[in-house]
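Asker: I am sharing work-v5.pdb, which consists of PDB, C-alpha atoms:
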```
ATOM      1  CA  MET B   1      22.745 -17.506   0.740
ATOM      2  CA  ASN B   2      20.689 -14.402   1.448
ATOM      3  CA  LYS B   3      22.505 -12.075   3.811
ATOM      4  CA  SER B   4      21.505  -9.313   6.163
ATOM      5  CA  TYR B   5      23.575  -6.223   6.896
ATOM      6  CA  SER B   6      23.419  -4.261  10.103
ATOM      7  CA  PHE B   7      24.007  -0.516  10.293
ATOM      8  CA  PRO B   8      23.843   0.303  14.020
ATOM      9  CA  GLY B   9      23.237   3.870  15.051
ATOM     10  CA  ARG B  10      21.697   4.867  11.723
ATOM     11  CA  ASP B  11      18.416   6.771  11.688
ATOM     12  CA  TRP B  12      15.867   5.010   9.473
ATOM     13  CA  ASP B  13      14.407   8.197   8.016
ATOM     14  CA  SER B  14      17.736   9.630   6.885
ATOM     15  CA  PHE B  15      18.912   6.163   5.809
ATOM     16  CA  VAL B  16      16.133   5.678   3.240
ATOM     17  CA  ASN B  17      15.313   9.292   2.405
ATOM     18  CA  ARG B  18      17.979   9.674  -0.293
ATOM     19  CA  PRO B  19      17.845   9.991  -4.083
ATOM     20  CA  SER B  20      19.606   7.205  -5.989
ATOM     21  CA  LEU B  21      18.974   4.995  -2.967
ATOM     22  CA  TYR B  22      19.882   1.749  -4.739
ATOM     23  CA  SER B  23      23.402   2.845  -5.663
ATOM     24  CA  ARG B  24      23.997   4.384  -2.242
ATOM     25  CA  LEU B  25      22.908   1.225  -0.443
ATOM     26  CA  LEU B  26      25.105  -0.862  -2.740
ATOM     27  CA  GLU B  27      28.131   1.234  -1.811
ATOM     28  CA  GLU B  28      27.398   0.934   1.911
ATOM     29  CA  ILE B  29      26.886  -2.839   1.685
ATOM     30  CA  LYS B  30      30.266  -3.234   0.007
ATOM     31  CA  GLU B  31      31.889  -1.355   2.887
ATOM     32  CA  CYS B  32      29.909  -3.090   5.646
ATOM     33  CA  PRO B  33      32.254  -4.819   8.163
ATOM     34  CA  SER B  34      32.084  -8.604   8.286
ATOM     35  CA  ASP B  35      30.918  -8.572  11.916
ATOM     36  CA  GLN B  36      27.797  -6.679  10.779
ATOM     37  CA  GLN B  37      26.880  -9.312   8.202
ATOM     38  CA  SER B  38      24.926 -12.495   8.878
ATOM     39  CA  GLU B  39      22.642 -15.049   7.280
ATOM     40  CA  LEU B  40      19.189 -13.604   6.697
ATOM     41  CA  GLN B  41      16.617 -14.770   9.248
ATOM     42  CA  ILE B  42      13.043 -13.550   8.893
ATOM     43  CA  PRO B  43      11.005 -13.266  12.113
ATOM     44  CA  GLU B  44       7.301 -14.102  12.339
ATOM     45  CA  ALA B  45       6.341 -10.444  12.771
ATOM     46  CA  ILE B  46       8.151  -7.523  11.144
ATOM     47  CA  LEU B  47       7.717  -3.841  11.845
ATOM     48  CA  ALA B  48       6.348  -1.726   9.015
ATOM     49  CA  PRO B  49       9.258  -0.128   7.084
ATOM     50  CA  LEU B  50       8.447   3.428   8.090
ATOM     51  CA  ASN B  51       9.031   5.811  10.969
ATOM     52  CA  ARG B  52       7.949   9.403  10.365
ATOM     53  CA  GLN B  53       6.580   8.922   6.847
ATOM     54  CA  GLU B  54       2.926   9.563   6.094
ATOM     55  CA  VAL B  55       0.941   7.063   4.032
ATOM     56  CA  TRP B  56      -1.215   8.343   1.162
ATOM     57  CA  ALA B  57      -3.381   6.405  -1.273
ATOM     58  CA  SER B  58      -4.695   6.525  -4.822
ATOM     59  CA  GLY B  59      -8.194   5.521  -5.831
ATOM     60  CA  VAL B  60      -9.922   4.230  -8.962
ATOM     61  CA  THR B  61      -6.688   3.486 -10.839
ATOM     62  CA  TYR B  62      -7.916   0.111 -12.153
ATOM     63  CA  LEU B  63     -11.094  -0.599 -14.146
ATOM     64  CA  ARG B  64     -12.233  -3.157 -11.545
ATOM     65  CA  SER B  65     -11.956  -0.555  -8.807
ATOM     66  CA  ARG B  66     -13.995   1.892 -10.886
ATOM     67  CA  GLU B  67     -16.753  -0.699 -11.345
ATOM     68  CA  ALA B  68     -16.834  -1.602  -7.653
ATOM     69  CA  ARG B  69     -17.027   2.029  -6.544
ATOM     70  CA  ILE B  70     -19.884   2.703  -8.949
ATOM     71  CA  GLU B  71     -21.771  -0.342  -7.613
ATOM     72  CA  GLU B  72     -21.361   0.557  -3.949
ATOM     73  CA  ALA B  73     -22.333   4.208  -4.498
ATOM     74  CA  GLN B  74     -25.473   3.622  -6.591
ATOM     75  CA  ASP B  75     -27.923   4.247  -3.755
ATOM     76  CA  ALA B  76     -26.194   7.520  -2.911
ATOM     77  CA  ALA B  77     -26.141   8.606  -6.577
ATOM     78  CA  GLY B  78     -22.359   8.879  -6.293
ATOM     79  CA  GLY B  79     -21.386   6.451  -9.030
ATOM     80  CA  ASP B  80     -20.825   9.222 -11.536
ATOM     81  CA  PHE B  81     -18.018  10.657  -9.400
ATOM     82  CA  TYR B  82     -15.976   7.454  -9.690
ATOM     83  CA  SER B  83     -16.591   7.102 -13.405
ATOM     84  CA  ARG B  84     -15.430  10.669 -13.988
ATOM     85  CA  VAL B  85     -12.275  10.421 -11.869
ATOM     86  CA  TYR B  86     -11.221   7.233 -13.671
ATOM     87  CA  ASP B  87     -11.239   9.121 -16.989
ATOM     88  CA  ALA B  88     -10.038  12.485 -15.651
ATOM     89  CA  GLU B  89      -6.533  13.861 -16.034
ATOM     90  CA  ARG B  90      -6.215  14.442 -12.266
ATOM     91  CA  PRO B  91      -6.109  11.231 -10.168
ATOM     92  CA  GLU B  92      -7.826  10.660  -6.851
ATOM     93  CA  LEU B  93      -5.333  11.024  -3.992
ATOM     94  CA  PHE B  94      -6.173  10.977  -0.308
ATOM     95  CA  PHE B  95      -4.443  10.792   3.059
ATOM     96  CA  LYS B  96      -4.494   7.231   4.394
ATOM     97  CA  SER B  97      -2.593   7.044   7.667
ATOM     98  CA  SER B  98      -0.190   8.537  10.158
ATOM     99  CA  PRO B  99       2.755   6.196  10.801
ATOM    100  CA  TYR B 100       1.642   5.228  14.305
ATOM    101  CA  ARG B 101      -1.592   3.744  12.907
ATOM    102  CA  VAL B 102       0.217   1.470  10.433
ATOM    103  CA  THR B 103       0.876  -2.199  11.176
ATOM    104  CA  GLY B 104       3.509  -4.432   9.603
ATOM    105  CA  ASP B 105       3.777  -8.009   8.407
ATOM    106  CA  GLY B 106       2.298 -10.423  10.947
ATOM    107  CA  GLY B 107       0.361  -7.636  12.652
ATOM    108  CA  ALA B 108      -3.363  -7.064  13.044
ATOM    109  CA  VAL B 109      -5.608  -4.985  10.806
ATOM    110  CA  ARG B 110      -9.012  -3.849  11.990
ATOM    111  CA  ILE B 111     -12.562  -3.612  10.727
ATOM    112  CA  ARG B 112     -14.736  -0.815  12.063
ATOM    113  CA  LYS B 113     -17.392  -1.687  14.639
ATOM    114  CA  ASP B 114     -19.889   0.586  12.852
ATOM    115  CA  SER B 115     -19.408  -1.049   9.442
ATOM    116  CA  MET B 116     -21.005  -4.184   8.014
ATOM    117  CA  TRP B 117     -19.087  -4.476   4.727
ATOM    118  CA  ASN B 118     -15.302  -4.541   4.926
ATOM    119  CA  VAL B 119     -12.628  -5.676   2.479
ATOM    120  CA  PRO B 120      -8.856  -5.525   2.093
ATOM    121  CA  GLU B 121      -7.392  -3.726  -0.904
ATOM    122  CA  PRO B 122      -4.021  -5.133  -2.047
ATOM    123  CA  GLU B 123      -1.851  -2.397  -3.517
ATOM    124  CA  LEU B 124       1.647  -1.864  -4.799
ATOM    125  CA  THR B 125       2.987   0.907  -2.575
ATOM    126  CA  LEU B 126       5.650   3.394  -3.606
ATOM    127  CA  PHE B 127       8.263   5.000  -1.412
ATOM    128  CA  MET B 128       9.337   8.443  -2.623
ATOM    129  CA  CYS B 129      12.171  10.399  -1.050
ATOM    130  CA  SER B 130      11.696  14.054  -0.129
ATOM    131  CA  GLU B 131      12.801  15.084  -3.626
ATOM    132  CA  GLY B 132       9.841  13.227  -5.144
ATOM    133  CA  SER B 133      11.694  10.378  -6.882
ATOM    134  CA  ILE B 134      10.470   6.792  -6.537
ATOM    135  CA  GLU B 135      13.190   4.988  -4.571
ATOM    136  CA  GLY B 136      11.523   1.788  -3.424
ATOM    137  CA  TYR B 137       8.436  -0.394  -3.308
ATOM    138  CA  THR B 138       6.491  -2.341  -0.726
ATOM    139  CA  ILE B 139       3.093  -3.996  -0.284
ATOM    140  CA  GLY B 140       0.121  -2.124   1.116
ATOM    141  CA  ASN B 141      -3.231  -3.261   2.511
ATOM    142  CA  ASP B 142      -5.707  -0.400   2.203
ATOM    143  CA  MET B 143      -8.501  -1.652   4.484
ATOM    144  CA  SER B 144     -11.862  -0.226   3.423
ATOM    145  CA  SER B 145     -15.398  -0.034   4.808
ATOM    146  CA  ARG B 146     -17.343  -0.237   1.572
ATOM    147  CA  ASP B 147     -20.764   0.438   3.064
ATOM    148  CA  ILE B 148     -19.624   3.691   4.682
ATOM    149  CA  GLU B 149     -17.958   4.960   1.516
ATOM    150  CA  GLY B 150     -20.923   3.838  -0.594
ATOM    151  CA  GLU B 151     -23.400   5.694   1.598
ATOM    152  CA  ASN B 152     -21.818   9.019   0.675
ATOM    153  CA  PRO B 153     -18.516   9.810  -1.105
ATOM    154  CA  LEU B 154     -17.881  12.473   1.542
ATOM    155  CA  TYR B 155     -17.549   9.670   4.086
ATOM    156  CA  LEU B 156     -14.348   8.447   2.396
ATOM    157  CA  PRO B 157     -12.057   9.505   5.310
ATOM    158  CA  GLN B 158     -14.160   7.498   7.771
ATOM    159  CA  ALA B 159     -14.204   4.474   5.466
ATOM    160  CA  LYS B 160     -10.447   4.597   4.913
ATOM    161  CA  CYS B 161      -8.825   6.256   7.942
ATOM    162  CA  TYR B 162      -9.040   4.629  11.354
ATOM    163  CA  ASN B 163      -6.770   2.704  13.723
ATOM    164  CA  GLY B 164      -5.466  -0.435  12.041
ATOM    165  CA  ALA B 165      -6.754   0.494   8.587
ATOM    166  CA  ALA B 166      -3.341   0.309   6.917
ATOM    167  CA  ALA B 167      -0.667  -2.373   6.753
ATOM    168  CA  ILE B 168       2.681  -2.076   4.970
ATOM    169  CA  GLY B 169       5.470  -4.609   4.529
ATOM    170  CA  PRO B 170       7.181  -6.987   4.725
ATOM    171  CA  CYS B 171      10.124  -4.876   3.570
ATOM    172  CA  LEU B 172      11.187  -1.896   1.523
ATOM    173  CA  TYR B 173      12.263  -3.293  -1.841
ATOM    174  CA  VAL B 174      14.924  -1.122  -3.497
ATOM    175  CA  PRO B 175      15.731  -2.429  -7.001
ATOM    176  CA  GLU B 176      18.157  -1.074  -9.554
ATOM    177  CA  ASN B 177      15.397  -0.574 -12.151
ATOM    178  CA  PRO B 178      11.694   0.340 -11.941
ATOM    179  CA  ILE B 179       9.368  -2.514 -11.082
ATOM    180  CA  PRO B 180       8.228  -4.195 -14.356
ATOM    181  CA  PRO B 181       4.643  -3.780 -15.627
ATOM    182  CA  ASP B 182       4.077  -7.546 -15.779
ATOM    183  CA  THR B 183       4.489  -7.787 -11.998
ATOM    184  CA  LYS B 184       1.691  -9.870 -10.474
ATOM    185  CA  ILE B 185      -0.253  -8.789  -7.377
ATOM    186  CA  SER B 186      -2.116 -11.563  -5.548
ATOM    187  CA  LEU B 187      -4.637 -11.668  -2.710
ATOM    188  CA  SER B 188      -5.720 -14.626  -0.580
ATOM    189  CA  ILE B 189      -8.230 -14.540   2.295
ATOM    190  CA  LYS B 190      -8.568 -17.542   4.603
ATOM    191  CA  ARG B 191     -11.089 -18.201   7.373
ATOM    192  CA  ASP B 192     -10.440 -21.048   9.817
ATOM    193  CA  GLY B 193      -7.744 -22.298   7.463
ATOM    194  CA  VAL B 194     -10.029 -22.433   4.420
ATOM    195  CA  GLU B 195      -9.411 -20.096   1.493
ATOM    196  CA  LEU B 196     -12.567 -18.083   0.818
ATOM    197  CA  PHE B 197     -11.220 -15.760  -1.845
ATOM    198  CA  SER B 198      -8.215 -15.479  -4.105
ATOM    199  CA  ASP B 199      -7.421 -13.414  -7.170
ATOM    200  CA  CYS B 200      -4.542 -11.709  -8.927
ATOM    201  CA  VAL B 201      -3.922  -8.819 -11.293
ATOM    202  CA  LEU B 202      -0.997  -7.529 -13.313
ATOM    203  CA  LEU B 203       0.419  -4.108 -12.598
ATOM    204  CA  SER B 204       0.016  -3.351 -16.314
ATOM    205  CA  LYS B 205      -3.773  -3.250 -15.783
ATOM    206  CA  MET B 206      -3.386   0.035 -13.919
ATOM    207  CA  LYS B 207      -4.573   2.920 -16.071
ATOM    208  CA  ARG B 208      -2.206   5.528 -14.635
ATOM    209  CA  THR B 209       1.569   5.334 -14.433
ATOM    210  CA  LEU B 210       3.440   5.239 -11.150
ATOM    211  CA  LYS B 211       5.373   8.403 -12.004
ATOM    212  CA  GLU B 212       2.098  10.171 -12.787
ATOM    213  CA  LEU B 213       0.674   9.390  -9.354
ATOM    214  CA  ALA B 214       3.915  10.426  -7.647
ATOM    215  CA  SER B 215       4.096  13.719  -9.513
ATOM    216  CA  TYR B 216       0.544  14.723  -8.538
ATOM    217  CA  LEU B 217       1.210  13.931  -4.888
ATOM    218  CA  PHE B 218       4.225  16.252  -4.860
ATOM    219  CA  ARG B 219       2.606  19.110  -6.799
ATOM    220  CA  GLU B 220       1.750  21.289  -3.798
ATOM    221  CA  MET B 221       3.026  19.256  -0.838
ATOM    222  CA  SER B 222       6.381  18.486   0.687
ATOM    223  CA  PHE B 223       7.408  15.419   2.662
ATOM    224  CA  PRO B 224      10.636  16.086   4.606
ATOM    225  CA  ASP B 225      11.146  12.391   5.462
ATOM    226  CA  GLY B 226       9.730  10.932   2.265
ATOM    227  CA  VAL B 227       6.272   9.401   1.836
ATOM    228  CA  PHE B 228       4.518   6.130   0.991
ATOM    229  CA  LEU B 229       1.799   6.047  -1.667
ATOM    230  CA  MET B 230      -0.597   3.141  -2.169
ATOM    231  CA  THR B 231      -1.379   2.999  -5.884
ATOM    232  CA  GLY B 232      -4.892   1.543  -5.961
ATOM    233  CA  THR B 233      -6.301  -1.950  -6.295
ATOM    234  CA  GLY B 234      -7.398  -4.104  -9.188
ATOM    235  CA  ILE B 235      -8.724  -6.869  -6.933
ATOM    236  CA  VAL B 236     -12.149  -6.497  -5.321
ATOM    237  CA  PRO B 237     -14.086  -9.391  -3.723
ATOM    238  CA  SER B 238     -17.707  -9.868  -4.748
ATOM    239  CA  ASP B 239     -20.421  -7.769  -3.115
ATOM    240  CA  ASP B 240     -21.575 -10.651  -0.911
ATOM    241  CA  PHE B 241     -18.187 -10.947   0.795
ATOM    242  CA  THR B 242     -17.130  -9.159   3.969
ATOM    243  CA  LEU B 243     -14.217  -9.752   6.315
ATOM    244  CA  ALA B 244     -14.765 -11.396   9.695
ATOM    245  CA  LEU B 245     -12.735 -11.460  12.887
ATOM    246  CA  GLY B 246      -9.841 -13.885  12.642
ATOM    247  CA  ASP B 247      -9.612 -13.833   8.845
ATOM    248  CA  ARG B 248      -6.093 -14.179   7.487
ATOM    249  CA  ILE B 249      -5.165 -11.786   4.659
ATOM    250  CA  SER B 250      -2.131 -12.529   2.479
ATOM    251  CA  ILE B 251      -1.014 -10.105  -0.211
ATOM    252  CA  SER B 252       1.888 -11.089  -2.461
ATOM    253  CA  ILE B 253       3.735  -9.037  -5.049
ATOM    254  CA  GLU B 254       6.411 -10.600  -7.229
ATOM    255  CA  GLY B 255       9.888  -9.429  -6.281
ATOM    256  CA  ILE B 256       8.774  -8.029  -2.919
ATOM    257  CA  GLY B 257       7.297 -10.891  -0.904
ATOM    258  CA  THR B 258       4.105 -11.425   1.084
ATOM    259  CA  LEU B 259       2.305  -9.227   3.595
ATOM    260  CA  ASN B 260       0.294 -11.272   6.121
ATOM    261  CA  ASN B 261      -2.246  -9.783   8.524
ATOM    262  CA  THR B 262      -5.020 -11.041  10.787
ATOM    263  CA  VAL B 263      -8.351  -9.236  11.154
ATOM    264  CA  THR B 264      -9.383  -7.887  14.569
ATOM    265  CA  GLN B 265     -11.923  -5.296  15.707
TER     266      GLN B 265
END
```
Show the structure stored in the file as structure tokens.

Answerer:
Amino acid sequence: MNKSYSFPGRDWDSFVNRPSLYSRLLEEIKECPSDQQSELQIPEAILAPLNRQEVWASGVTYLRSREARIEEAQDAAGGDFYSRVYDAERPELFFKSSPYRVTGDGGAVRIRKDSMWNVPEPELTLFMCSEGSIEGYTIGNDMSSRDIEGENPLYLPQAKCYNGAAAIGPCLYVPENPIPPDTKISLSIKRDGVELFSDCVLLSKMKRTLKELASYLFREMSFPDGVFLMTGTGIVPSDDFTLALGDRISISIEGIGTLNNTVTQ
């Protein structure tokens, strides 16, 4: 039986923002009173597992992402930028969202009214404590307006950062050991109950390591409450696909669960 443990009065940010989080949580679970333990019941909608943490993102970490970015930026002569960053020592990192703009499992994600080409980007998402160590994992949906980004690489913030452009959940997964490289990431998009797109990729297809991405993020920045980092996508729908209102997006990562969101505008 899966169990849940309640820790009333605890502040979420201080609760998760600790090095060696797995061992500390294990100790607290062992000492948790019986009246604060119950059978695990999962509600239909779950809040995103963050409070004051910023969400950042990595780009062009998979070969498929590199190819898609080159294709969408051809008319703006920006394809060379994406090819170069894929092979460069320094990764692409950018600010994705303030916590109040992030939705959780069962919540709504949005497509921009001034965009005609929108896709979800399923991404393993890291949680690092304020000391920079990777303490947990979750699932991220990095919603993207491909036509806006493709028009000019300088439009990246508008293509990536807007209300409802980020979803995280359904939980914060805190394992004893690092997530294995053969972990599978899957994406399914349904419209009116019919699956229009599905694909999967192994984490091992990522060119950069998770520790590498984390170390660059912390080079010249501090995060007092910890930070979430989306690590890039290896799944990109074909160029003739765009999200529509009411579409159901499901992103699954082995060991973590499934993040479900519905598209609104």

Asker: Using only C-alpha atoms, which of B:Gly232, B:Pro170, B:Gly150, B:Gly59 sits nearest Asn260 of chain B?

Answerer: B:Pro170

Asker: List as a ChimeraX atom specification the protein and nucleic acid residues near segment 244-247 of chain B, meaning an atom at most 9 Å away when all atoms listed in the file are counted, but skip any in the same chain fewer than 3 places from it.

Answerer: /B:110-111,118,189-193,261-265

Asker: Deliver the residues from the most recent selection as a file, using C-alpha atoms, as a compact mmCIF listing (two decimals), in the coordinates of the input.

Answerer:
```
# COMPACT_ATOMS: atom_id res chain seq x y z
CA ARG B 110 -9.01 -3.85 11.99
CA ILE B 111 -12.56 -3.61 10.73
CA ASN B 118 -15.30 -4.54 4.93
CA ILE B 189 -8.23 -14.54 2.30
CA LYS B 190 -8.57 -17.54 4.60
CA ARG B 191 -11.09 -18.20 7.37
CA ASP B 192 -10.44 -21.05 9.82
CA GLY B 193 -7.74 -22.30 7.46
CA ASN B 261 -2.25 -9.78 8.52
CA THR B 262 -5.02 -11.04 10.79
CA VAL B 263 -8.35 -9.24 11.15
CA THR B 264 -9.38 -7.89 14.57
CA GLN B 265 -11.92 -5.30 15.71
```

Asker: Can you translate the PyMOL selection byres ((chain B and resi 254) around 10) into the concrete residues it hits in this file, as a list in words?

Answerer: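 Selected by the PyMOL selection byres ((chain B and resi 254) around 10) here: Ile179, Pro180, Asp182, Thr183, Lys184, Ile185, Ser186, Ser252, Ile253, Gly255, Ile256, Gly257 and Thr258 of chain B.
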
Asker: Calculated over only C-alpha atoms, which of the candidates B:Gly104, B:Pro224, B:Gly169, B:Pro120 has the smallest distance to Thr242 of chain B?

Answerer: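 For Thr242 of chain B, the nearest of the candidates is B:Pro120.
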
Asker: Mind checking which residues fall within 10 Å of Ser133 of chain B, counting only C-alpha atoms, ignoring those fewer than 3 positions away in the same chain, and posting them as a ChimeraX atom specification?

Answerer: /B:18-21,126-130,136,211,214-215,218,226

Asker: What is the atom CA of Asp239 of chain B-atom CA of Glu67 of chain B distance in Å, reported with one decimal?

Answerer: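 For atom CA of Asp239 of chain B relative to atom CA of Glu67 of chain B, the distance reads 11.5 Å.
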
Asker: Give me the result of the PyMOL selection byres ((chain B and resi 229) around 7) on this file, residue by residue, as a count of residues only.

Answerer: 10

Asker: Can you give me, as an MDAnalysis selection string, the residues this file yields under the PyMOL selection byres ((chain B and resi 166) around 6)?

Answerer: chainID B and resid 102 141:142 164:165 167

Asker: Using all atoms listed in the file, which residues sit within 9 Å of Cys32 of chain B once same-chain residues fewer than 3 positions away are excluded, as a compact mmCIF listing (two decimals) with C-alpha atoms, in the frame of the given file?

Answerer:
```txt
# COMPACT_ATOMS: atom_id res chain seq x y z
CA TYR B 5 23.58 -6.22 6.90
CA SER B 6 23.42 -4.26 10.10
CA PHE B 7 24.01 -0.52 10.29
CA GLU B 27 28.13 1.23 -1.81
CA GLU B 28 27.40 0.93 1.91
CA ILE B 29 26.89 -2.84 1.68
CA ASP B 35 30.92 -8.57 11.92
CA GLN B 36 27.80 -6.68 10.78
CA GLN B 37 26.88 -9.31 8.20
```

Asker: Taking all listed atoms of segment 34-52 of chain B, build the axis-aligned box, pad each of the six sides by 3 Å, then write its centre and edge lengths in Å to one decimal as lines of an AutoDock Vina configuration file.

Answerer:
```
center_x = 19.2
center_y = -2.8
center_z = 9.7
size_x = 31.7
size_y = 30.5
size_z = 12.1
```

Asker: Show which residues sit within 7 Å of Met206 of chain B, as a list in words. Count all atoms listed in the file, and ignore same-chain residues fewer than 3 positions away.

Answerer: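 The contact residues come out as Thr61, Tyr62 and Leu203 of chain B.
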
Asker: Can you write out the residues you just picked, keeping C-alpha atoms, as a PDB file, keeping the file's coordinate frame?

Answerer:
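Generated output (selection.pdb):
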```
ATOM      1  CA  THR B  61      -6.688   3.486 -10.839  1.00  0.00           C
ATOM      2  CA  TYR B  62      -7.916   0.111 -12.153  1.00  0.00           C
ATOM      3  CA  LEU B 203       0.419  -4.108 -12.598  1.00  0.00           C
TER       4      LEU B 203
END
```

Asker: Using only C-alpha atoms, pick whichever of B:Tyr216, B:Ala159, B:Val194, B:Gln41 has the shortest atom-to-atom distance to Glu92 of chain B.

Answerer: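 The shortest atom-to-atom distance to Glu92 of chain B comes from B:Tyr216.
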
Asker: Between B:Ile235, B:Leu47, B:Leu202, B:Cys161, which one has atoms that come closest to Leu259 of chain B, using all atoms listed in the file?

Answerer: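 Answer, going by the shortest atom-to-atom distance: B:Leu47.
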
Asker: Output segment 166-189 of chain B with N, CA and C atoms present, as a PDB file, in the coordinates of the input.

Answerer:
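Wrote part07.pdb, looks like this:
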```pdb
ATOM      1  N   ALA B 166      -4.414   0.377   7.901  1.00  0.00           N
ATOM      2  CA  ALA B 166      -3.341   0.309   6.917  1.00  0.00           C
ATOM      3  C   ALA B 166      -2.256  -0.646   7.389  1.00  0.00           C
ATOM      4  N   ALA B 167      -1.807  -1.496   6.483  1.00  0.00           N
ATOM      5  CA  ALA B 167      -0.667  -2.373   6.753  1.00  0.00           C
ATOM      6  C   ALA B 167       0.327  -2.211   5.614  1.00  0.00           C
ATOM      7  N   ILE B 168       1.615  -2.220   5.957  1.00  0.00           N
ATOM      8  CA  ILE B 168       2.681  -2.076   4.970  1.00  0.00           C
ATOM      9  C   ILE B 168       3.802  -3.051   5.313  1.00  0.00           C
ATOM     10  N   GLY B 169       4.357  -3.691   4.296  1.00  0.00           N
ATOM     11  CA  GLY B 169       5.470  -4.609   4.529  1.00  0.00           C
ATOM     12  C   GLY B 169       5.552  -5.635   3.406  1.00  0.00           C
ATOM     13  N   PRO B 170       6.363  -6.685   3.553  1.00  0.00           N
ATOM     14  CA  PRO B 170       7.181  -6.987   4.725  1.00  0.00           C
ATOM     15  C   PRO B 170       8.530  -6.289   4.729  1.00  0.00           C
ATOM     16  N   CYS B 171       8.808  -5.499   3.701  1.00  0.00           N
ATOM     17  CA  CYS B 171      10.124  -4.876   3.570  1.00  0.00           C
ATOM     18  C   CYS B 171      10.000  -3.652   2.679  1.00  0.00           C
ATOM     19  N   LEU B 172      11.084  -2.932   2.549  1.00  0.00           N
ATOM     20  CA  LEU B 172      11.187  -1.896   1.523  1.00  0.00           C
ATOM     21  C   LEU B 172      12.102  -2.450   0.446  1.00  0.00           C
ATOM     22  N   TYR B 173      11.537  -2.706  -0.718  1.00  0.00           N
ATOM     23  CA  TYR B 173      12.263  -3.293  -1.841  1.00  0.00           C
ATOM     24  C   TYR B 173      12.876  -2.170  -2.673  1.00  0.00           C
ATOM     25  N   VAL B 174      14.205  -2.188  -2.789  1.00  0.00           N
ATOM     26  CA  VAL B 174      14.924  -1.122  -3.497  1.00  0.00           C
ATOM     27  C   VAL B 174      15.679  -1.754  -4.663  1.00  0.00           C
ATOM     28  N   PRO B 175      15.081  -1.810  -5.841  1.00  0.00           N
ATOM     29  CA  PRO B 175      15.731  -2.429  -7.001  1.00  0.00           C
ATOM     30  C   PRO B 175      16.540  -1.410  -7.810  1.00  0.00           C
ATOM     31  N   GLU B 176      17.354  -1.945  -8.693  1.00  0.00           N
ATOM     32  CA  GLU B 176      18.157  -1.074  -9.554  1.00  0.00           C
ATOM     33  C   GLU B 176      17.290  -0.387 -10.598  1.00  0.00           C
ATOM     34  N   ASN B 177      16.267  -1.094 -11.097  1.00  0.00           N
ATOM     35  CA  ASN B 177      15.397  -0.574 -12.151  1.00  0.00           C
ATOM     36  C   ASN B 177      13.946  -0.524 -11.665  1.00  0.00           C
ATOM     37  N   PRO B 178      13.107   0.273 -12.329  1.00  0.00           N
ATOM     38  CA  PRO B 178      11.694   0.340 -11.941  1.00  0.00           C
ATOM     39  C   PRO B 178      11.040  -1.036 -11.990  1.00  0.00           C
ATOM     40  N   ILE B 179      10.065  -1.238 -11.135  1.00  0.00           N
ATOM     41  CA  ILE B 179       9.368  -2.514 -11.082  1.00  0.00           C
ATOM     42  C   ILE B 179       8.670  -2.761 -12.424  1.00  0.00           C
ATOM     43  N   PRO B 180       8.771  -3.956 -13.008  1.00  0.00           N
ATOM     44  CA  PRO B 180       8.228  -4.195 -14.356  1.00  0.00           C
ATOM     45  C   PRO B 180       6.701  -4.212 -14.383  1.00  0.00           C
ATOM     46  N   PRO B 181       6.103  -3.837 -15.519  1.00  0.00           N
ATOM     47  CA  PRO B 181       4.643  -3.780 -15.627  1.00  0.00           C
ATOM     48  C   PRO B 181       3.967  -5.141 -15.575  1.00  0.00           C
ATOM     49  N   ASP B 182       4.695  -6.223 -15.841  1.00  0.00           N
ATOM     50  CA  ASP B 182       4.077  -7.546 -15.779  1.00  0.00           C
ATOM     51  C   ASP B 182       4.144  -8.154 -14.379  1.00  0.00           C
ATOM     52  N   THR B 183       4.465  -7.332 -13.382  1.00  0.00           N
ATOM     53  CA  THR B 183       4.489  -7.787 -11.998  1.00  0.00           C
ATOM     54  C   THR B 183       3.090  -8.201 -11.555  1.00  0.00           C
ATOM     55  N   LYS B 184       2.991  -9.353 -10.899  1.00  0.00           N
ATOM     56  CA  LYS B 184       1.691  -9.870 -10.474  1.00  0.00           C
ATOM     57  C   LYS B 184       1.434  -9.546  -9.006  1.00  0.00           C
ATOM     58  N   ILE B 185       0.214  -9.065  -8.735  1.00  0.00           N
ATOM     59  CA  ILE B 185      -0.253  -8.789  -7.377  1.00  0.00           C
ATOM     60  C   ILE B 185      -1.327  -9.815  -7.045  1.00  0.00           C
ATOM     61  N   SER B 186      -1.185 -10.493  -5.909  1.00  0.00           N
ATOM     62  CA  SER B 186      -2.116 -11.563  -5.548  1.00  0.00           C
ATOM     63  C   SER B 186      -2.706 -11.323  -4.167  1.00  0.00           C
ATOM     64  N   LEU B 187      -3.943 -11.767  -3.995  1.00  0.00           N
ATOM     65  CA  LEU B 187      -4.637 -11.668  -2.710  1.00  0.00           C
ATOM     66  C   LEU B 187      -5.243 -13.013  -2.356  1.00  0.00           C
ATOM     67  N   SER B 188      -5.081 -13.415  -1.100  1.00  0.00           N
ATOM     68  CA  SER B 188      -5.720 -14.626  -0.580  1.00  0.00           C
ATOM     69  C   SER B 188      -6.321 -14.305   0.784  1.00  0.00           C
ATOM     70  N   ILE B 189      -7.555 -14.732   1.004  1.00  0.00           N
ATOM     71  CA  ILE B 189      -8.230 -14.540   2.295  1.00  0.00           C
ATOM     72  C   ILE B 189      -8.670 -15.904   2.800  1.00  0.00           C
TER      73      ILE B 189
END
```
